[in-house]
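*Asks:* Pasting protein_24.cif below, which is mmCIF, C-alpha atoms and all ligand atoms.
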data_final
#
loop_
_atom_site.label_atom_id
_atom_site.label_comp_id
_atom_site.auth_asym_id
_atom_site.auth_seq_id
_atom_site.Cartn_x
_atom_site.Cartn_y
_atom_site.Cartn_z
CA MET A 1 25.60 -15.91 2.58
CA THR A 2 21.87 -16.62 2.48
CA ARG A 3 19.83 -14.87 -0.21
CA VAL A 4 16.13 -14.55 0.51
CA ALA A 5 13.23 -13.51 -1.71
CA VAL A 6 10.63 -11.94 0.56
CA LEU A 7 7.20 -11.92 -1.09
CA SER A 8 4.90 -9.07 -0.13
CA LEU A 9 2.49 -8.99 -3.06
CA HIS A 10 -0.26 -6.78 -1.71
CA THR A 11 1.59 -4.02 0.08
CA SER A 12 5.02 -2.46 0.11
CA PRO A 13 7.41 -1.82 3.00
CA LEU A 14 7.94 1.59 1.38
CA LEU A 15 4.37 2.68 2.21
CA LEU A 16 3.20 4.68 5.24
CA PRO A 17 1.43 2.31 7.66
CA GLY A 18 -1.87 3.07 9.37
CA ASN A 19 -3.92 3.52 6.22
CA GLY A 20 -5.43 1.43 3.41
CA ASP A 21 -3.74 -1.95 3.24
CA ALA A 22 -0.63 -0.73 5.04
CA GLY A 23 -0.30 -1.69 8.70
CA GLY A 24 1.70 -3.97 10.91
CA MET A 25 2.84 -6.18 8.05
CA ASN A 26 4.50 -3.22 6.32
CA VAL A 27 6.36 -2.39 9.52
CA TYR A 28 7.25 -6.07 9.92
CA VAL A 29 8.64 -6.48 6.40
CA ARG A 30 10.58 -3.20 6.48
CA GLU A 31 12.11 -3.66 9.93
CA LEU A 32 12.76 -7.38 9.55
CA CYS A 33 14.42 -6.97 6.15
CA SER A 34 16.57 -4.13 7.42
CA ALA A 35 17.65 -6.29 10.37
CA LEU A 36 18.19 -9.33 8.10
CA ALA A 37 20.40 -7.28 5.81
CA GLN A 38 22.40 -6.16 8.84
CA THR A 39 22.98 -9.80 9.82
CA GLY A 40 24.36 -10.53 6.36
CA VAL A 41 21.24 -12.02 4.72
CA ASP A 42 20.80 -10.57 1.23
CA THR A 43 17.15 -9.56 1.12
CA ALA A 44 15.03 -8.76 -1.94
CA VAL A 45 11.41 -7.84 -1.25
CA PHE A 46 9.04 -8.42 -4.18
CA VAL A 47 5.93 -6.24 -4.29
CA ARG A 48 3.28 -5.69 -6.95
CA ARG A 49 3.82 -2.45 -8.82
CA HIS A 50 1.11 -0.07 -7.67
CA ASP A 51 2.68 3.21 -8.83
CA ASN A 52 5.42 4.37 -11.13
CA ALA A 53 8.29 3.61 -8.74
CA GLU A 54 11.64 2.50 -10.15
CA THR A 55 11.73 -1.27 -10.68
CA VAL A 56 14.46 -1.65 -8.09
CA VAL A 57 14.62 0.56 -4.99
CA GLU A 58 17.76 0.08 -2.90
CA VAL A 59 16.61 0.68 0.69
CA GLU A 60 19.98 0.02 2.33
CA PRO A 61 22.96 -2.24 1.63
CA GLY A 62 21.63 -5.80 1.31
CA PHE A 63 17.92 -4.79 1.25
CA LYS A 64 16.10 -3.85 -1.93
CA VAL A 65 12.49 -3.67 -3.04
CA ILE A 66 11.64 -4.98 -6.51
CA HIS A 67 8.42 -3.91 -8.22
CA ILE A 68 6.76 -6.59 -10.33
CA ASN A 69 4.13 -5.74 -12.95
CA ALA A 70 0.96 -7.73 -12.22
CA GLY A 71 -2.36 -6.18 -13.18
CA PRO A 72 -3.23 -2.48 -13.37
CA PRO A 73 -1.71 -0.23 -10.66
CA HIS A 74 -4.86 0.52 -8.68
CA LEU A 75 -6.46 -2.76 -7.70
CA PRO A 76 -8.32 -3.26 -4.44
CA LYS A 77 -6.95 -6.05 -2.24
CA GLU A 78 -10.06 -8.11 -2.97
CA ALA A 79 -9.08 -8.24 -6.68
CA LEU A 80 -5.48 -9.32 -6.15
CA ALA A 81 -6.09 -13.08 -6.15
CA ALA A 82 -6.56 -12.77 -9.91
CA VAL A 83 -3.02 -11.43 -10.46
CA VAL A 84 -1.10 -13.85 -8.25
CA GLU A 85 -0.02 -16.02 -11.21
CA GLU A 86 1.25 -13.00 -13.13
CA PHE A 87 3.10 -11.81 -10.03
CA ALA A 88 4.67 -15.25 -9.50
CA ALA A 89 5.76 -15.35 -13.16
CA GLY A 90 7.41 -11.94 -12.80
CA VAL A 91 9.25 -13.00 -9.63
CA ASN A 92 10.29 -16.23 -11.36
CA ASP A 93 11.84 -14.24 -14.25
CA TRP A 94 13.74 -12.08 -11.80
CA ILE A 95 15.04 -15.00 -9.74
CA ALA A 96 16.16 -16.77 -12.92
CA GLN A 97 18.66 -13.90 -13.35
CA HIS A 98 19.35 -13.35 -9.63
CA PRO A 99 19.16 -16.69 -7.78
CA VAL A 100 18.02 -16.95 -4.16
CA ASP A 101 18.19 -19.74 -1.56
CA VAL A 102 14.81 -19.40 0.13
CA LEU A 103 11.37 -17.84 -0.29
CA HIS A 104 9.64 -16.04 2.57
CA ALA A 105 5.97 -15.35 1.83
CA ASN A 106 3.96 -12.84 3.86
CA TYR A 107 0.14 -13.04 3.95
CA TRP A 108 -1.92 -15.60 2.05
CA LEU A 109 -1.73 -13.92 -1.39
CA SER A 110 2.07 -14.06 -1.30
CA GLY A 111 1.75 -17.57 0.12
CA VAL A 112 -0.05 -18.68 -3.04
CA ALA A 113 2.65 -17.07 -5.18
CA GLY A 114 5.36 -18.59 -2.98
CA HIS A 115 3.82 -22.05 -3.21
CA ARG A 116 3.84 -21.81 -6.98
CA LEU A 117 7.45 -20.55 -7.05
CA LYS A 118 8.59 -23.20 -4.59
CA HIS A 119 7.58 -25.95 -7.02
CA ASP A 120 8.78 -24.11 -10.14
CA LEU A 121 12.18 -23.30 -8.67
CA ASP A 122 12.61 -26.16 -6.20
CA LEU A 123 13.17 -23.76 -3.31
CA PRO A 124 12.18 -24.02 0.37
CA LEU A 125 9.22 -21.88 1.44
CA VAL A 126 8.83 -20.08 4.76
CA SER A 127 5.35 -18.63 5.31
CA THR A 128 4.14 -15.98 7.72
CA PHE A 129 0.41 -15.32 7.52
CA HIS A 130 -0.07 -12.22 9.73
CA THR A 131 -3.82 -12.90 9.73
CA LEU A 132 -5.79 -16.09 9.10
CA ALA A 133 -9.25 -16.26 7.55
CA ARG A 134 -10.52 -18.91 9.96
CA VAL A 135 -9.43 -16.84 12.96
CA LYS A 136 -11.12 -13.72 11.58
CA ALA A 137 -14.29 -15.73 10.90
CA GLU A 138 -14.54 -16.69 14.57
CA THR A 139 -15.28 -13.07 15.44
CA GLY A 140 -17.52 -12.33 12.49
CA ASP A 141 -14.96 -10.92 10.02
CA LEU A 142 -15.77 -13.24 7.15
CA GLU A 143 -13.33 -13.89 4.30
CA PRO A 144 -14.01 -15.76 1.05
CA GLN A 145 -13.81 -19.58 1.14
CA ARG A 146 -11.17 -19.29 -1.60
CA ARG A 147 -8.83 -17.66 0.91
CA ILE A 148 -9.41 -20.39 3.50
CA ASN A 149 -8.66 -23.09 0.92
CA ALA A 150 -5.56 -21.26 -0.30
CA GLU A 151 -4.24 -20.84 3.25
CA ALA A 152 -4.74 -24.55 3.92
CA GLU A 153 -2.79 -25.46 0.75
CA VAL A 154 0.08 -23.10 1.56
CA ILE A 155 0.22 -24.33 5.17
CA ALA A 156 0.39 -27.95 3.97
CA CYS A 157 3.40 -27.26 1.72
CA SER A 158 5.40 -24.67 3.68
CA ASP A 159 8.73 -26.00 4.91
CA VAL A 160 8.44 -23.70 7.91
CA ILE A 161 5.54 -21.56 9.08
CA THR A 162 6.40 -18.75 11.43
CA ALA A 163 3.71 -17.81 13.92
CA ASN A 164 3.81 -14.34 15.46
CA SER A 165 2.62 -15.68 18.82
CA VAL A 166 1.95 -18.94 20.65
CA THR A 167 -1.77 -18.34 20.16
CA GLU A 168 -1.25 -18.17 16.40
CA LEU A 169 0.69 -21.45 16.52
CA GLN A 170 -2.27 -23.07 18.27
CA GLN A 171 -4.70 -21.59 15.76
CA LEU A 172 -2.63 -22.86 12.82
CA ALA A 173 -2.67 -26.34 14.32
CA SER A 174 -6.28 -26.47 15.49
CA LEU A 175 -8.01 -24.58 12.66
CA TYR A 176 -5.83 -25.72 9.72
CA GLY A 177 -4.33 -28.99 10.93
CA ALA A 178 -0.80 -27.57 10.53
CA ASP A 179 1.95 -29.87 11.74
CA PRO A 180 3.31 -28.18 14.91
CA LYS A 181 6.79 -29.52 14.05
CA ARG A 182 6.85 -27.19 11.06
CA ILE A 183 5.72 -24.11 13.02
CA ASP A 184 8.20 -21.81 14.74
CA VAL A 185 7.05 -18.96 16.95
CA VAL A 186 9.06 -15.95 15.78
CA ALA A 187 7.87 -12.81 17.51
CA PRO A 188 8.12 -9.51 15.66
CA GLY A 189 10.32 -6.84 17.24
CA ILE A 190 10.36 -3.17 18.03
CA ASP A 191 12.70 -0.29 17.33
CA ARG A 192 13.59 0.84 20.84
CA ALA A 193 15.57 3.80 19.53
CA VAL A 194 12.14 5.20 18.61
CA PHE A 195 9.78 3.59 21.12
CA SER A 196 10.98 4.31 24.64
CA PRO A 197 9.55 6.09 27.68
CA GLY A 198 9.55 9.90 27.65
CA LEU A 199 8.05 12.95 29.31
CA ARG A 200 4.27 12.88 29.21
CA GLU A 201 3.87 16.63 29.74
CA GLY A 202 6.34 17.42 26.97
CA ALA A 203 4.56 15.11 24.55
CA ARG A 204 1.18 16.64 25.44
CA ASN A 205 2.49 20.14 24.91
CA ALA A 206 4.00 19.14 21.58
CA LEU A 207 0.63 17.76 20.46
CA GLY A 208 -1.33 20.73 21.85
CA LEU A 209 -3.51 18.52 24.06
CA LYS A 210 -5.73 19.87 26.81
CA ASP A 211 -5.38 18.77 30.45
CA GLY A 212 -7.11 15.57 31.51
CA PRO A 213 -6.68 11.84 30.98
CA VAL A 214 -5.69 10.85 27.45
CA LEU A 215 -6.79 7.57 25.90
CA LEU A 216 -5.00 6.59 22.71
CA PHE A 217 -6.10 4.39 19.82
CA VAL A 218 -3.57 3.75 17.03
CA GLY A 219 -4.42 1.72 13.96
CA ARG A 220 -6.37 1.28 10.82
CA ILE A 221 -10.04 2.19 10.91
CA GLN A 222 -11.88 -1.03 10.10
CA PRO A 223 -14.43 -3.03 12.13
CA LEU A 224 -11.84 -5.60 13.29
CA LYS A 225 -9.93 -2.95 15.28
CA GLY A 226 -12.88 -2.09 17.54
CA LEU A 227 -12.80 1.71 17.43
CA ASP A 228 -16.49 1.65 18.45
CA VAL A 229 -15.44 0.13 21.78
CA ALA A 230 -12.87 2.91 22.28
CA VAL A 231 -15.48 5.63 21.75
CA ALA A 232 -18.00 3.90 24.03
CA THR A 233 -15.26 3.59 26.68
CA LEU A 234 -14.62 7.34 26.59
CA ALA A 235 -18.36 7.99 26.79
CA GLY A 236 -18.67 5.71 29.83
CA LEU A 237 -15.70 7.34 31.56
CA SER A 238 -17.12 10.81 31.04
CA ARG A 239 -19.32 10.64 34.11
CA ARG A 240 -16.24 10.46 36.34
CA TYR A 241 -13.67 12.11 34.08
CA GLN A 242 -15.33 14.99 32.31
CA ASP A 243 -12.03 16.10 30.83
CA ALA A 244 -10.97 12.67 29.47
CA GLN A 245 -10.00 12.69 25.78
CA LEU A 246 -9.57 10.10 23.07
CA LEU A 247 -6.86 10.47 20.45
CA VAL A 248 -7.30 8.30 17.36
CA VAL A 249 -4.33 7.98 14.99
CA GLY A 250 -4.99 6.17 11.72
CA GLY A 251 -6.94 6.13 8.49
CA VAL A 252 -9.60 4.05 6.80
CA SER A 253 -8.74 0.57 5.60
CA GLY A 254 -10.48 -2.14 3.60
CA PRO A 255 -13.89 -2.30 1.94
CA GLN A 256 -15.70 -1.40 5.18
CA GLY A 257 -13.27 1.32 6.26
CA GLN A 258 -15.32 4.28 5.04
CA LYS A 259 -18.47 2.95 6.68
CA GLU A 260 -16.59 2.36 9.92
CA LEU A 261 -15.31 5.95 9.86
CA GLN A 262 -18.90 7.16 9.40
CA ARG A 263 -20.03 4.99 12.32
CA PHE A 264 -17.21 6.44 14.41
CA GLU A 265 -18.17 10.03 13.55
CA ASP A 266 -21.86 9.30 14.20
CA SER A 267 -21.17 7.80 17.61
CA VAL A 268 -18.93 10.73 18.60
CA GLN A 269 -21.87 13.04 17.74
CA ARG A 270 -24.40 10.83 19.49
CA TYR A 271 -22.40 10.77 22.72
CA GLY A 272 -21.69 14.52 22.39
CA LEU A 273 -17.93 13.96 22.46
CA GLN A 274 -16.97 16.24 19.56
CA ASP A 275 -14.68 18.36 21.76
CA ARG A 276 -12.99 15.38 23.33
CA VAL A 277 -12.20 13.10 20.43
CA LYS A 278 -9.44 13.99 18.03
CA LEU A 279 -8.86 12.08 14.80
CA VAL A 280 -5.27 12.39 13.58
CA PRO A 281 -4.38 11.21 10.06
CA PRO A 282 -1.84 8.37 9.74
CA GLN A 283 1.55 9.41 11.06
CA PRO A 284 5.00 8.28 9.97
CA HIS A 285 5.97 5.37 12.20
CA HIS A 286 8.86 7.18 13.93
CA LEU A 287 6.58 10.08 14.98
CA LEU A 288 4.18 7.84 16.87
CA SER A 289 6.29 7.74 20.03
CA THR A 290 5.13 11.28 20.88
CA TYR A 291 1.51 10.11 20.71
CA TYR A 292 2.18 7.08 22.90
CA ARG A 293 4.11 9.14 25.46
CA ALA A 294 1.23 11.62 25.72
CA ALA A 295 -1.25 8.89 26.68
CA ASP A 296 -2.41 7.63 30.09
CA VAL A 297 -3.74 4.42 28.55
CA CYS A 298 -3.49 2.85 25.10
CA LEU A 299 -6.63 1.00 24.01
CA VAL A 300 -6.33 -2.05 21.74
CA PRO A 301 -9.88 -3.45 21.56
CA SER A 302 -9.31 -5.60 18.43
CA ARG A 303 -11.61 -8.52 17.68
CA SER A 304 -8.60 -10.58 16.63
CA GLU A 305 -4.87 -9.85 16.42
CA SER A 306 -2.08 -12.22 15.39
CA PHE A 307 0.44 -10.10 17.28
CA GLY A 308 -0.47 -6.45 17.98
CA LEU A 309 2.51 -4.16 17.36
CA VAL A 310 0.60 -1.17 18.75
CA ALA A 311 0.33 -2.86 22.16
CA LEU A 312 4.09 -3.50 22.18
CA GLU A 313 4.96 0.03 21.04
CA ALA A 314 2.75 1.54 23.75
CA ALA A 315 4.32 -0.66 26.42
CA ALA A 316 7.80 0.26 25.18
CA CYS A 317 6.87 3.93 25.63
CA GLY A 318 5.79 3.26 29.22
CA VAL A 319 2.04 3.36 28.64
CA PRO A 320 -0.35 0.86 30.29
CA VAL A 321 -2.34 -1.06 27.69
CA VAL A 322 -6.00 -2.05 27.95
CA ALA A 323 -6.60 -4.67 25.29
CA SER A 324 -8.96 -7.40 24.24
CA ASP A 325 -8.12 -10.87 25.48
CA VAL A 326 -7.33 -12.30 22.04
CA GLY A 327 -4.44 -13.57 19.90
CA GLY A 328 -0.99 -12.07 20.40
CA LEU A 329 -2.40 -9.55 22.88
CA THR A 330 -2.63 -12.35 25.44
CA THR A 331 1.18 -12.52 25.33
CA LEU A 332 1.88 -8.80 24.97
CA VAL A 333 -0.35 -7.57 27.78
CA ASP A 334 0.58 -9.13 31.11
CA HIS A 335 -2.75 -8.80 32.91
CA GLY A 336 -2.42 -6.71 36.06
CA ARG A 337 1.29 -6.05 35.47
CA THR A 338 1.69 -4.16 32.17
CA GLY A 339 -1.97 -3.45 31.52
CA LEU A 340 -5.33 -5.16 31.63
CA ARG A 341 -6.97 -7.60 29.23
CA VAL A 342 -10.72 -7.50 28.78
CA ALA A 343 -12.78 -10.50 27.73
CA GLY A 344 -15.71 -9.89 25.39
CA ARG A 345 -16.78 -6.78 23.51
CA ASP A 346 -18.83 -5.04 26.20
CA PRO A 347 -17.40 -1.52 26.74
CA ALA A 348 -18.25 -1.88 30.46
CA GLY A 349 -15.19 -4.10 30.90
CA TYR A 350 -12.98 -1.48 29.20
CA ILE A 351 -14.47 1.33 31.29
CA ASP A 352 -13.70 -0.59 34.49
CA ALA A 353 -10.17 -1.41 33.32
CA VAL A 354 -9.31 2.16 32.30
CA SER A 355 -10.86 3.53 35.52
CA ALA A 356 -8.77 1.13 37.60
CA ILE A 357 -5.60 2.53 36.01
CA LEU A 358 -6.63 6.19 36.13
CA GLU A 359 -7.69 5.93 39.76
CA ASP A 360 -4.47 4.38 40.97
CA PRO A 361 -1.37 6.37 39.93
CA ARG A 362 0.92 3.87 41.65
CA LEU A 363 -0.56 1.00 39.65
CA ALA A 364 -0.25 3.08 36.47
CA GLU A 365 3.36 3.85 37.27
CA SER A 366 4.27 0.21 37.92
CA MET A 367 2.48 -0.91 34.74
CA ALA A 368 4.43 1.71 32.80
CA ARG A 369 7.73 0.48 34.21
CA ARG A 370 6.97 -3.21 33.75
CA GLY A 371 5.63 -2.61 30.26
CA ALA A 372 8.88 -0.96 29.21
CA GLU A 373 10.82 -3.86 30.78
CA MET A 374 8.67 -6.41 28.95
CA ALA A 375 9.10 -4.59 25.63
CA ALA A 376 12.86 -4.60 26.10
CA ARG A 377 12.76 -8.36 25.44
CA TYR A 378 11.74 -7.71 21.82
CA SER A 379 14.01 -6.50 19.04
CA TRP A 380 14.08 -6.78 15.26
CA SER A 381 17.64 -8.05 15.39
CA ALA A 382 16.44 -11.00 17.53
CA THR A 383 13.63 -11.64 15.02
CA ALA A 384 16.14 -11.53 12.16
CA LEU A 385 18.57 -13.88 13.89
CA ARG A 386 15.76 -16.42 14.45
CA LEU A 387 14.82 -16.26 10.80
CA ARG A 388 18.41 -16.44 9.66
CA ARG A 389 18.77 -19.69 11.62
CA ILE A 390 15.57 -21.02 10.06
CA PHE A 391 16.79 -20.11 6.55
CA ALA A 392 20.20 -21.69 7.21
CA GLY A 393 18.56 -24.89 8.52
CA LEU A 394 16.53 -25.22 5.34
CA SER A 395 19.55 -25.16 3.04
CA SER A 396 20.49 -28.71 4.11
CA ARG A 397 16.96 -30.14 3.75
CA VAL A 398 15.05 -31.33 0.71
CA PRO A 399 12.04 -28.99 0.31
CA LEU A 400 8.68 -30.52 1.19
CA ASP A 401 6.68 -31.57 -1.87
CA CYS A 402 2.89 -31.66 -1.54
CA THR A 403 2.56 -33.23 -5.00
CA VAL A 404 4.12 -36.56 -4.03
N1 LIG B 501 1.14 2.79 12.40
C1 LIG B 501 1.90 3.85 11.93
N2 LIG B 501 1.28 5.06 11.73
C2 LIG B 501 -0.04 5.24 11.99
C3 LIG B 501 -0.80 4.16 12.49
C4 LIG B 501 -0.17 2.94 12.68
O1 LIG B 501 3.10 3.72 11.71
O2 LIG B 501 -0.53 6.35 11.80
C5 LIG B 501 1.80 1.50 12.64
C6 LIG B 501 1.86 1.16 14.11
O3 LIG B 501 2.91 1.86 14.73
C7 LIG B 501 2.08 -0.34 14.08
C8 LIG B 501 1.35 -0.76 12.80
O4 LIG B 501 1.07 0.44 12.06
O5 LIG B 501 3.45 -0.64 13.97
C9 LIG B 501 0.06 -1.48 13.11
O6 LIG B 501 0.38 -2.77 13.49
P1 LIG B 501 -0.58 -3.71 14.34
O7 LIG B 501 0.12 -5.02 14.50
O8 LIG B 501 -0.98 -3.04 15.61
O9 LIG B 501 -1.90 -3.86 13.45
P2 LIG B 501 -2.10 -4.36 11.94
O10 LIG B 501 -2.01 -3.17 11.06
O11 LIG B 501 -1.05 -5.37 11.64
O12 LIG B 501 -3.47 -4.94 11.91
#
Represent the supplied structure as structure tokens.
Ligand code: UDP
*Replies:*
Amino acid sequence: MTRVAVLSLHTSPLLLPGNGDAGGMNVYVRELCSALAQTGVDTAVFVRRHDNAETVVEVEPGFKVIHINAGPPHLPKEALAAVVEEFAAGVNDWIAQHPVDVLHANYWLSGVAGHRLKHDLDLPLVSTFHTLARVKAETGDLEPQRRINAEAEVIACSDVITANSVTELQQLASLYGADPKRIDVVAPGIDRAVFSPGLREGARNALGLKDGPVLLFVGRIQPLKGLDVAVATLAGLSRRYQDAQLLVVGGVSGPQGQKELQRFEDSVQRYGLQDRVKLVPPQPHHLLSTYYRAADVCLVPSRSESFGLVALEAAACGVPVVASDVGGLTTLVDHGRTGLRVAGRDPAGYIDAVSAILEDPRLAESMARRGAEMAARYSWSATALRLRRIFAGLSSRVPLDCTV
């Protein structure tokens, strides 16, 4: 049996996503580890202790979360680079008592810890970055040079890097010089027991929505996610659809989150959309299907996106997706078939795309059906089986050593 130490330094799979530092990666770690455990891979997720949780939380047979003391509980993400060594030392102590076969690091901070542990313990390292500083920089979301350097070092010494999409594979190779032979595209999955088509009217009644087209935005409120484009899209549609509404589900995230929320509220006022925009606080993951099912269109206007779980969840619920033409969204939104992709940040492109769907019920219906069919190709058990094969393959190889 393979035993894996999953490193998730900055955020825990036990947290509610859609807020603060908790988003797609939390869903990824929780769902993947659950699926890994169910395929017989013993999975221990190491997180930094941020509250007074028990040291070990047994999530389900074969999947536990271990809290490691590293720095004071309430540290912003920007301060976490300083506690990576302490975190790695704590994980090292734990593994000394409870050996593992492989390390799987998620996000660059855990990558740095994983790189350290790989050399200390002579273990293979699998890295999944979720976001990359050089990709974010291309669209103006600047990250410290220290992060870029750290990512490059981790990439150079990871035995396998998993990319969430083909686009991410290309970015790893072109922006970081990663060896494509060491990159595997392993797509995240979806829980189809939760995310499946349902009755739109029923969902709208449950949520107390008024009549009229419903646009949905789900995600953390930070500049990268493009909530400003969603509001401008609703404003532009208003001339033709005076009863169109925008539902926003999520909470502030990151150092610019509060400012972005203020900008959102200001623009809603400026456009006079107070009665037609509803901000809903972060919802437990399994409750989101009602929100998706209530929508005519899900908007994903992100500036960059390594995968884009929201686009997949919407498609799985039979909702056409209008998304930016970036990253994993280029794979998840089949242009003209499951939704529409929009190049650039000009809301005019989004207004045209949403109008095209609202004006043509037959197109909307076929996008809904094809989206659900496309989403059916994704599952967490498939993701886990891919990773299990990768882990098993590493057991017979000598780990890469960047020091020689
Ligand atoms: N999410 C959630 N509750 C919320 C808002 C978001 O569970 O109130 C989940 C959402 O369903 C998705 C994840 O957070 O699974 C966001 O992932 P995505 O890849 O779209 O963006 P990321 O957070 O990774 O940037």
*Asks:* Which of these, A:Ile183, A:Leu279, A:Met374, A:Val59, has the shortest distance to ligand LIG 501 (chain B) once you count only C-alpha atoms and all ligand atoms?
*Replies:*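 Result for the nearest residue to ligand LIG 501 (chain B): A:Leu279.
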*Asks:* Each residue of chain A with at least one atom at most 6 Å from ligand LIG 501 (chain B) should appear once, together with its nearest atom pair and the corresponding distance in Å (one decimal); atoms considered: all atoms listed in the file; ordering: chain, then increasing residue number; output as a Markdown table.
*Replies:*
| residue | atom | partner | partner_atom | distance |
| --- | --- | --- | --- | --- |
| A:Pro17 | CA | B:LIG501 | C1 | 4.6 |
| A:Gly18 | CA | B:LIG501 | C3 | 3.5 |
| A:Gly23 | CA | B:LIG501 | O10 | 3.3 |
| A:Gly24 | CA | B:LIG501 | O6 | 3.1 |
| A:Met25 | CA | B:LIG501 | O11 | 5.4 |
| A:Val27 | CA | B:LIG501 | O5 | 5.6 |
| A:Val218 | CA | B:LIG501 | C3 | 5.3 |
| A:Gly219 | CA | B:LIG501 | C4 | 4.6 |
| A:Val249 | CA | B:LIG501 | O2 | 5.2 |
| A:Gly250 | CA | B:LIG501 | O2 | 4.5 |
| A:Pro282 | CA | B:LIG501 | O2 | 3.2 |
| A:Gln283 | CA | B:LIG501 | O2 | 3.8 |
| A:Pro284 | CA | B:LIG501 | N2 | 5.2 |
| A:His285 | CA | B:LIG501 | O1 | 3.3 |
| A:Phe307 | CA | B:LIG501 | O7 | 5.8 |
| A:Gly308 | CA | B:LIG501 | O7 | 3.8 |
| A:Leu309 | CA | B:LIG501 | O7 | 3.8 |
| A:Val310 | CA | B:LIG501 | O8 | 4.0 |
*Asks:* Could you tell me how far CA of Gln171 (chain A) lies from CA of Leu132 (chain A), in Å and to one decimal?
*Replies:* 8.7 Å
*Asks:* What's around region 111-128 of chain A at 7 Å? Count all atoms listed in the file, leave out sequence neighbours fewer than 5 positions away in its own chain, and write the answer as a list in words.
*Replies:*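 Everything that qualifies: Val84, Glu85, Ala88, Asn92, Asp101, Val102, Leu103, His104, Ala105, Asn106, Ala150, Val154, Ser158, Asp159, Val160, Ile161, Thr162, Ala163, Leu394 and Pro399 of chain A.
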*Asks:* Please identify all polymer residues within 9 Å of region 329-342 of chain A, counting all atoms listed in the file, omitting same-chain residues fewer than 5 positions from it, and present them as a PyMOL selection string.
*Replies:* chain A and resi 165-167+297+300-301+304-309+311-312+315+318-324+349-350+353-354+357+363-364+366-372+374-375
*Asks:* Let me see the file: selected residues, C-alpha atoms, as an mmCIF file, keeping the file's coordinate frame.
*Replies:*
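result_12.cif, freshly written:
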data_model
loop_
_atom_site.group_PDB
_atom_site.id
_atom_site.type_symbol
_atom_site.label_atom_id
_atom_site.label_comp_id
_atom_site.auth_asym_id
_atom_site.auth_seq_id
_atom_site.Cartn_x
_atom_site.Cartn_y
_atom_site.Cartn_z
ATOM 1 C CA SER A 165 2.620 -15.680 18.820
ATOM 2 C CA VAL A 166 1.950 -18.940 20.650
ATOM 3 C CA THR A 167 -1.770 -18.340 20.160
ATOM 4 C CA VAL A 297 -3.740 4.420 28.550
ATOM 5 C CA VAL A 300 -6.330 -2.050 21.740
ATOM 6 C CA PRO A 301 -9.880 -3.450 21.560
ATOM 7 C CA SER A 304 -8.600 -10.580 16.630
ATOM 8 C CA GLU A 305 -4.870 -9.850 16.420
ATOM 9 C CA SER A 306 -2.080 -12.220 15.390
ATOM 10 C CA PHE A 307 0.440 -10.100 17.280
ATOM 11 C CA GLY A 308 -0.470 -6.450 17.980
ATOM 12 C CA LEU A 309 2.510 -4.160 17.360
ATOM 13 C CA ALA A 311 0.330 -2.860 22.160
ATOM 14 C CA LEU A 312 4.090 -3.500 22.180
ATOM 15 C CA ALA A 315 4.320 -0.660 26.420
ATOM 16 C CA GLY A 318 5.790 3.260 29.220
ATOM 17 C CA VAL A 319 2.040 3.360 28.640
ATOM 18 C CA PRO A 320 -0.350 0.860 30.290
ATOM 19 C CA VAL A 321 -2.340 -1.060 27.690
ATOM 20 C CA VAL A 322 -6.000 -2.050 27.950
ATOM 21 C CA ALA A 323 -6.600 -4.670 25.290
ATOM 22 C CA SER A 324 -8.960 -7.400 24.240
ATOM 23 C CA GLY A 349 -15.190 -4.100 30.900
ATOM 24 C CA TYR A 350 -12.980 -1.480 29.200
ATOM 25 C CA ALA A 353 -10.170 -1.410 33.320
ATOM 26 C CA VAL A 354 -9.310 2.160 32.300
ATOM 27 C CA ILE A 357 -5.600 2.530 36.010
ATOM 28 C CA LEU A 363 -0.560 1.000 39.650
ATOM 29 C CA ALA A 364 -0.250 3.080 36.470
ATOM 30 C CA SER A 366 4.270 0.210 37.920
ATOM 31 C CA MET A 367 2.480 -0.910 34.740
ATOM 32 C CA ALA A 368 4.430 1.710 32.800
ATOM 33 C CA ARG A 369 7.730 0.480 34.210
ATOM 34 C CA ARG A 370 6.970 -3.210 33.750
ATOM 35 C CA GLY A 371 5.630 -2.610 30.260
ATOM 36 C CA ALA A 372 8.880 -0.960 29.210
ATOM 37 C CA MET A 374 8.670 -6.410 28.950
ATOM 38 C CA ALA A 375 9.100 -4.590 25.630
#
*Asks:* Within 7 Å of (-13.7, 17.4, 25.8) (coordinates as in the file), grab all the protein and nucleic acid residues, counting all atoms listed in the file, and write them out as a list in words.
*Replies:* Asp243, Ala244, Gln245, Leu273, Asp275 and Arg276 of chain A
*Asks:* Measuring atom to atom with all atoms listed in the file, identify which of A:Ser238, A:Gln256, A:Thr383, A:Ser110 is nearest to His10 (chain A).
*Replies:*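 Of A:Ser238, A:Gln256, A:Thr383, A:Ser110, the one nearest His10 (chain A), counting all atoms listed in the file, is A:Ser110.
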*Asks:* So what do you get for CA of Gly20 (chain A) versus CA of Lys77 (chain A), distance-wise?
*Replies:*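 Value for the CA of Gly20 (chain A)-CA of Lys77 (chain A) distance: 9.5 Å.
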*Asks:* In Å, rounded to a single decimal, give me how far CA of Arg397 (chain A) is from CA of Ala173 (chain A).
*Replies:* 22.6 Å
*Asks:* Write out as a ChimeraX atom specification each polymer residue whose atoms come within 8 Å of Ser8 (chain A), counting all atoms listed in the file; drop sequence neighbours fewer than 3 positions from it.
*Replies:* /A:11-12,29,45-48,105-107,110
*Asks:* Hey, which of A:Lys210, A:Arg303, A:Arg182, A:Arg147 ends up closest to Gly327 (chain A)? Count all atoms listed in the file.
*Replies:*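 The closest residue to Gly327 (chain A) is A:Arg303.
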